[in-house]
file run01.cif (mmCIF, C-alpha atoms and all ligand atoms)
data_coords
loop_
_atom_site.label_atom_id
_atom_site.label_comp_id
_atom_site.auth_asym_id
_atom_site.auth_seq_id
_atom_site.Cartn_x
_atom_site.Cartn_y
_atom_site.Cartn_z
CA MET E 15 11.60 -0.33 -12.52
CA ILE E 16 10.82 1.65 -9.41
CA LEU E 17 7.19 2.10 -8.47
CA ILE E 18 5.23 3.75 -5.76
CA LEU E 19 1.78 2.33 -5.19
CA LEU E 20 -0.63 4.63 -3.37
CA GLY E 21 -3.96 3.50 -2.06
CA PRO E 22 -5.96 3.68 1.14
CA PRO E 23 -6.23 0.74 3.53
CA GLY E 24 -8.85 -1.66 2.24
CA ALA E 25 -8.41 -0.73 -1.42
CA GLY E 26 -6.46 -3.89 -2.22
CA LYS E 27 -3.02 -2.31 -2.51
CA GLY E 28 -1.35 -5.29 -0.83
CA THR E 29 -2.98 -7.70 -3.28
CA GLN E 30 -1.86 -5.66 -6.28
CA ALA E 31 1.66 -5.31 -4.88
CA GLN E 32 1.85 -9.10 -4.47
CA ARG E 33 0.76 -9.58 -8.09
CA LEU E 34 3.45 -7.16 -9.26
CA VAL E 35 6.06 -8.93 -7.17
CA SER E 36 5.23 -12.27 -8.84
CA ALA E 37 4.63 -11.03 -12.38
CA HIS E 38 7.53 -8.59 -12.68
CA ARG E 39 9.90 -10.03 -10.07
CA LEU E 40 9.97 -6.75 -8.19
CA VAL E 41 10.82 -6.53 -4.52
CA GLN E 42 8.33 -4.90 -2.20
CA LEU E 43 10.10 -2.55 0.19
CA SER E 44 8.19 -1.47 3.25
CA THR E 45 9.75 1.08 5.58
CA GLY E 46 8.92 -0.85 8.76
CA ASP E 47 10.38 -4.15 7.49
CA MET E 48 13.49 -2.38 6.21
CA VAL E 49 14.10 -0.53 9.47
CA ARG E 50 13.89 -3.82 11.39
CA ALA E 51 16.22 -5.54 8.89
CA ALA E 52 18.71 -2.65 8.86
CA ILE E 53 18.91 -2.62 12.67
CA ALA E 54 19.29 -6.41 12.78
CA SER E 55 22.03 -6.37 10.11
CA GLY E 56 24.16 -3.98 12.15
CA SER E 57 25.02 -1.92 9.04
CA GLU E 58 26.24 1.63 9.56
CA VAL E 59 22.85 3.04 8.60
CA GLY E 60 21.15 0.43 10.79
CA CYS E 61 23.24 1.42 13.80
CA GLN E 62 22.43 5.09 13.27
CA ILE E 63 18.72 4.31 12.99
CA LYS E 64 18.93 2.25 16.18
CA THR E 65 20.39 5.24 18.04
CA TYR E 66 17.26 7.25 17.20
CA TYR E 67 14.97 4.36 18.05
CA ASP E 68 16.60 3.72 21.41
CA ALA E 69 16.32 7.42 22.23
CA GLY E 70 12.64 7.37 21.22
CA LYS E 71 13.34 9.98 18.53
CA LEU E 72 11.95 10.25 15.02
CA VAL E 73 14.40 8.82 12.47
CA PRO E 74 15.48 11.66 10.14
CA ASP E 75 14.41 11.41 6.49
CA ALA E 76 18.05 11.41 5.36
CA LEU E 77 18.68 8.14 7.20
CA ILE E 78 15.58 6.49 5.83
CA ILE E 79 16.61 7.58 2.33
CA ALA E 80 20.11 6.17 2.88
CA MET E 81 18.52 2.92 4.00
CA PHE E 82 16.44 2.74 0.79
CA GLY E 83 19.57 3.50 -1.23
CA GLU E 84 21.48 0.64 0.39
CA ARG E 85 18.56 -1.71 -0.06
CA LEU E 86 18.06 -0.86 -3.75
CA ALA E 87 21.72 -1.66 -4.40
CA GLN E 88 21.24 -5.25 -3.24
CA PRO E 89 21.12 -7.91 -5.98
CA ASP E 90 17.50 -8.95 -5.44
CA CYS E 91 16.40 -5.43 -6.44
CA VAL E 92 17.99 -5.69 -9.89
CA ARG E 93 14.60 -5.78 -11.61
CA GLY E 94 13.23 -3.04 -9.44
CA ALA E 95 11.12 -2.37 -6.42
CA ILE E 96 7.77 -1.25 -5.18
CA LEU E 97 8.00 1.27 -2.39
CA ASP E 98 5.37 0.67 0.22
CA GLY E 99 4.43 3.37 2.73
CA PHE E 100 7.15 5.73 1.56
CA PRO E 101 7.46 8.62 0.76
CA ARG E 102 4.83 10.12 3.02
CA THR E 103 5.75 13.79 2.58
CA VAL E 104 6.82 16.02 -0.30
CA ALA E 105 10.20 16.54 1.40
CA GLN E 106 10.71 12.77 1.47
CA ALA E 107 9.64 12.50 -2.17
CA ALA E 108 12.15 15.15 -3.21
CA ALA E 109 14.93 13.49 -1.19
CA LEU E 110 14.04 10.15 -2.77
CA ASP E 111 14.31 11.66 -6.26
CA ALA E 112 17.74 13.08 -5.44
CA MET E 113 18.97 9.76 -4.01
CA LEU E 114 17.73 7.80 -7.04
CA ALA E 115 19.37 10.30 -9.42
CA GLU E 116 22.70 9.88 -7.58
CA ARG E 117 22.46 6.16 -8.14
CA GLY E 118 21.49 6.49 -11.77
CA LEU E 119 17.95 5.30 -11.04
CA THR E 120 14.61 6.93 -11.66
CA LEU E 121 11.19 6.63 -10.21
CA ASP E 122 9.19 5.19 -13.11
CA HIS E 123 5.59 5.39 -11.98
CA VAL E 124 3.46 6.50 -9.10
CA ILE E 125 0.23 4.58 -9.33
CA GLU E 126 -2.66 5.87 -7.30
CA MET E 127 -5.55 3.51 -6.62
CA THR E 128 -8.45 5.91 -6.41
CA VAL E 129 -11.50 4.97 -4.38
CA ASP E 130 -14.90 6.34 -3.65
CA ASP E 131 -14.60 6.81 0.11
CA GLU E 132 -18.26 6.13 0.89
CA ALA E 133 -18.36 3.06 -1.35
CA LEU E 134 -15.15 1.73 0.20
CA ILE E 135 -16.60 2.24 3.69
CA GLU E 136 -19.69 0.30 2.68
CA ARG E 137 -17.56 -2.45 1.14
CA ILE E 138 -15.44 -2.89 4.27
CA ALA E 139 -18.02 -2.17 6.96
CA GLY E 140 -20.49 -4.68 5.51
CA ARG E 141 -18.20 -7.68 5.95
CA PHE E 142 -18.96 -10.44 8.42
CA THR E 143 -17.99 -14.08 8.85
CA CYS E 144 -19.62 -17.17 10.27
CA ALA E 145 -18.22 -17.79 13.75
CA ALA E 146 -18.41 -21.56 13.26
CA CYS E 147 -16.97 -22.16 9.77
CA GLY E 148 -15.44 -18.82 8.78
CA THR E 149 -17.45 -18.36 5.56
CA GLY E 150 -17.30 -14.70 4.56
CA TYR E 151 -20.40 -12.62 3.86
CA HIS E 152 -21.34 -9.04 3.13
CA ASP E 153 -24.51 -7.21 4.18
CA ARG E 154 -25.16 -6.00 0.68
CA PHE E 155 -22.96 -7.87 -1.78
CA LYS E 156 -23.09 -11.39 -0.35
CA PRO E 157 -25.82 -11.79 2.28
CA THR E 158 -26.72 -15.19 3.72
CA LYS E 159 -29.53 -16.86 1.75
CA VAL E 160 -31.62 -17.05 4.90
CA SER E 161 -31.20 -14.09 7.20
CA GLY E 162 -29.09 -14.96 10.24
CA ILE E 163 -28.19 -18.49 9.10
CA CYS E 164 -24.85 -19.48 7.53
CA ASP E 165 -25.31 -20.96 4.04
CA THR E 166 -22.41 -23.35 4.59
CA CYS E 167 -22.93 -24.80 8.05
CA GLY E 168 -26.23 -23.48 9.35
CA GLY E 169 -24.43 -21.56 12.11
CA MET E 170 -26.25 -18.60 13.65
CA GLN E 171 -23.31 -16.73 15.20
CA PHE E 172 -21.42 -14.20 13.10
CA ASN E 173 -18.36 -12.05 13.72
CA ARG E 174 -17.52 -8.55 12.57
CA ARG E 175 -13.98 -7.23 12.95
CA ALA E 176 -13.74 -4.14 15.16
CA ASP E 177 -11.38 -2.65 12.53
CA ASP E 178 -14.13 -2.92 9.93
CA LYS E 179 -16.52 -0.57 11.72
CA ALA E 180 -17.61 2.29 9.48
CA GLU E 181 -16.20 5.00 11.77
CA THR E 182 -12.84 3.20 12.04
CA VAL E 183 -12.61 2.83 8.27
CA ARG E 184 -13.58 6.47 7.83
CA ALA E 185 -10.86 7.59 10.27
CA ARG E 186 -8.23 5.51 8.41
CA LEU E 187 -9.32 7.03 5.11
CA GLU E 188 -9.04 10.54 6.53
CA VAL E 189 -5.48 9.88 7.69
CA TYR E 190 -4.58 8.44 4.29
CA ASN E 191 -6.19 11.28 2.34
CA GLY E 192 -4.53 13.91 4.54
CA GLN E 193 -1.13 12.29 4.05
CA THR E 194 -1.46 11.62 0.35
CA ALA E 195 -3.12 14.83 -0.85
CA PRO E 196 0.09 16.92 -0.87
CA LEU E 197 2.04 14.18 -2.69
CA LEU E 198 -0.33 13.97 -5.65
CA PRO E 199 0.40 17.41 -7.18
CA TYR E 200 4.12 16.82 -6.61
CA PHE E 201 4.15 13.60 -8.63
CA ARG E 202 1.65 14.95 -11.16
CA ALA E 203 3.92 17.93 -11.89
CA LYS E 204 6.74 15.48 -12.59
CA GLY E 205 4.53 13.57 -15.02
CA LYS E 206 4.78 10.39 -12.92
CA LEU E 207 1.30 10.13 -11.49
CA ARG E 208 -1.14 7.63 -12.97
CA SER E 209 -4.48 6.66 -11.53
CA VAL E 210 -6.40 3.42 -11.65
CA ASP E 211 -9.93 2.82 -10.43
CA GLY E 212 -9.35 1.03 -7.14
CA MET E 213 -13.04 0.15 -6.89
CA ALA E 214 -12.87 -2.18 -9.89
CA SER E 215 -12.30 -5.92 -9.52
CA ILE E 216 -8.86 -7.23 -8.55
CA ASP E 217 -8.26 -8.47 -12.13
CA THR E 218 -9.40 -5.21 -13.73
CA VAL E 219 -7.16 -3.16 -11.44
CA GLY E 220 -4.28 -5.55 -12.15
CA ARG E 221 -4.75 -5.16 -15.92
CA ALA E 222 -4.90 -1.37 -15.62
CA ILE E 223 -1.65 -1.36 -13.65
CA ASN E 224 0.03 -3.65 -16.17
CA ALA E 225 -1.05 -1.37 -19.01
CA ILE E 226 0.65 1.53 -17.24
CA LEU E 227 3.83 -0.47 -16.70
CA GLU E 228 3.89 -1.56 -20.34
CA GLY E 229 3.31 2.00 -21.48
CA HIS E 230 -0.01 1.25 -23.18
CA ALA E 231 -2.24 3.34 -20.95
CA GLY E 232 -3.32 6.72 -22.22
ZN ZN E 301 -20.86 -21.36 8.81
#
call {"tool": "encode", "arguments": {"input": "run01.cif", "output": "structure tokens"}}
result
Amino acid sequence: MILILLGPPGAGKGTQAQRLVSAHRLVQLSTGDMVRAAIASGSEVGCQIKTYYDAGKLVPDALIIAMFGERLAQPDCVRGAILDGFPRTVAQAAALDAMLAERGLTLDHVIEMTVDDEALIERIAGRFTCAACGTGYHDRFKPTKVSGICDTCGGMQFNRRADDKAETVRARLEVYNGQTAPLLPYFRAKGKLRSVDGMASIDTVGRAINAILEGHAG
């Protein structure tokens, strides 16, 4: 089973991918990890990729595709894989299809975790933690019982991650949406695209994804 999971940062894609890895014994393949591993292994593809890296040049799609092909042929991928962060363009998606066909494989599902951008921004930007004990809170969904005082330890200092600022989250979403928008009609036309509500709880999203994998979803 070969899956692509699409979802913006903060939508819980990593959590769902981990669940799929455990439940279905899939391997999660991320481009960055694979590039590092290919270079370290000294394989032919790895050496070619290294040449581009050392020259500070963009690695051509064909090489990345070849790397995925080599990786999918390894024994741990026998039950399938989740592609993470790839493909990013329609050209890459088409090249991926061609490579899989050559190897007698098919892309089974592209699962898009849809989010409400404004709601996701609120969900992420509202997070804060107690500086003393690390208890997590949220401005709206899980405020402290007494304003400004940690429920757990009585601490009065709280931290907010710089990455969680509303404008930072919004910028990340814009990049994701810009990158993903052209891919959606491509996969939809091939009948591969399925959507789940990424704003639902982790368990609900997990069940929706399982229903798709088991062919029960409408
Ligand atoms: Zn505390």
call {"tool": "closest_residue", "arguments": {"input": "run01.cif", "among": "E:Gly229, E:Pro196, E:Gly205, E:Gly148", "to": "ligand ZN 301 (chain E)", "atoms": "all atoms listed in the file"}}
result
E:Gly148
call {"tool": "closest_residue", "arguments": {"input": "run01.cif", "among": "E:Phe142, E:Phe155, E:Tyr66, E:Tyr200", "to": "ligand ZN 301 (chain E)", "atoms": "all atoms listed in the file"}}
result
E:Phe142
call {"tool": "residues_near_ligand", "arguments": {"input": "run01.cif", "ligand": "ligand ZN 301 (chain E)", "cutoff": "8 Å", "atoms": "all atoms listed in the file", "output": "ChimeraX atom specification"}}
result
/E:143-149,163-170
call {"tool": "residues_around", "arguments": {"input": "run01.cif", "residues": "Ala214 of chain E", "least_positions_apart": "3", "cutoff": "10 Å", "atoms": "only C-alpha atoms", "output": "list in words"}}
result
Ala25, Met127, Thr128, Val129, Val210, Asp211, Asp217, Thr218, Val219, Gly220 and Ala222 of chain E
call {"tool": "closest_residue", "arguments": {"input": "run01.cif", "among": "E:Leu40, E:Leu134, E:Leu17, E:Leu119", "to": "Lys179 of chain E", "atoms": "only C-alpha atoms"}}
result
E:Leu134
call {"tool": "atom_distance", "arguments": {"input": "run01.cif", "atom1": "atom CA of Tyr190 of chain E", "atom2": "atom CA of Ala52 of chain E"}}
result
26.2 Å
call {"tool": "atom_distance", "arguments": {"input": "run01.cif", "atom1": "atom CA of Asp75 of chain E", "atom2": "atom CA of Thr29 of chain E"}}
result
27.6 Å
call {"tool": "atom_distance", "arguments": {"input": "run01.cif", "atom1": "atom CA of Glu181 of chain E", "atom2": "atom CA of Asp130 of chain E"}}
result
15.5 Å
call {"tool": "decode", "arguments": {"input": "run01.cif", "residues": "segment 91-102 of chain E", "atoms": "N, CA and C atoms", "output": "PDB file, in the first residue's frame"}}
result
ATOM      1  N   CYS E  91       9.922  -2.221   3.150  1.00  0.00           N
ATOM      2  CA  CYS E  91       8.791  -1.546   2.502  1.00  0.00           C
ATOM      3  C   CYS E  91       7.789  -2.534   1.909  1.00  0.00           C
ATOM      4  N   VAL E  92       7.934  -3.813   2.266  1.00  0.00           N
ATOM      5  CA  VAL E  92       7.104  -4.838   1.619  1.00  0.00           C
ATOM      6  C   VAL E  92       5.614  -4.590   1.842  1.00  0.00           C
ATOM      7  N   ARG E  93       5.253  -4.033   2.999  1.00  0.00           N
ATOM      8  CA  ARG E  93       3.833  -3.772   3.249  1.00  0.00           C
ATOM      9  C   ARG E  93       3.402  -2.405   2.766  1.00  0.00           C
ATOM     10  N   GLY E  94       4.364  -1.608   2.355  1.00  0.00           N
ATOM     11  CA  GLY E  94       4.022  -0.326   1.784  1.00  0.00           C
ATOM     12  C   GLY E  94       4.665   0.841   2.499  1.00  0.00           C
ATOM     13  N   ALA E  95       4.308   2.018   2.039  1.00  0.00           N
ATOM     14  CA  ALA E  95       4.977   3.217   2.544  1.00  0.00           C
ATOM     15  C   ALA E  95       4.055   4.415   2.511  1.00  0.00           C
ATOM     16  N   ILE E  96       4.375   5.341   3.394  1.00  0.00           N
ATOM     17  CA  ILE E  96       3.717   6.647   3.385  1.00  0.00           C
ATOM     18  C   ILE E  96       4.749   7.656   2.906  1.00  0.00           C
ATOM     19  N   LEU E  97       4.437   8.343   1.850  1.00  0.00           N
ATOM     20  CA  LEU E  97       5.366   9.356   1.353  1.00  0.00           C
ATOM     21  C   LEU E  97       5.080  10.664   2.076  1.00  0.00           C
ATOM     22  N   ASP E  98       6.145  11.227   2.602  1.00  0.00           N
ATOM     23  CA  ASP E  98       6.022  12.411   3.435  1.00  0.00           C
ATOM     24  C   ASP E  98       6.783  13.561   2.758  1.00  0.00           C
ATOM     25  N   GLY E  99       6.079  14.620   2.423  1.00  0.00           N
ATOM     26  CA  GLY E  99       6.735  15.777   1.816  1.00  0.00           C
ATOM     27  C   GLY E  99       7.102  15.588   0.359  1.00  0.00           C
ATOM     28  N   PHE E 100       6.519  14.608  -0.280  1.00  0.00           N
ATOM     29  CA  PHE E 100       6.787  14.343  -1.689  1.00  0.00           C
ATOM     30  C   PHE E 100       5.596  13.601  -2.268  1.00  0.00           C
ATOM     31  N   PRO E 101       5.142  13.874  -3.486  1.00  0.00           N
ATOM     32  CA  PRO E 101       5.610  14.928  -4.392  1.00  0.00           C
ATOM     33  C   PRO E 101       5.106  16.314  -3.989  1.00  0.00           C
ATOM     34  N   ARG E 102       5.840  17.324  -4.442  1.00  0.00           N
ATOM     35  CA  ARG E 102       5.455  18.700  -4.155  1.00  0.00           C
ATOM     36  C   ARG E 102       4.926  19.401  -5.391  1.00  0.00           C
TER      37      ARG E 102
END
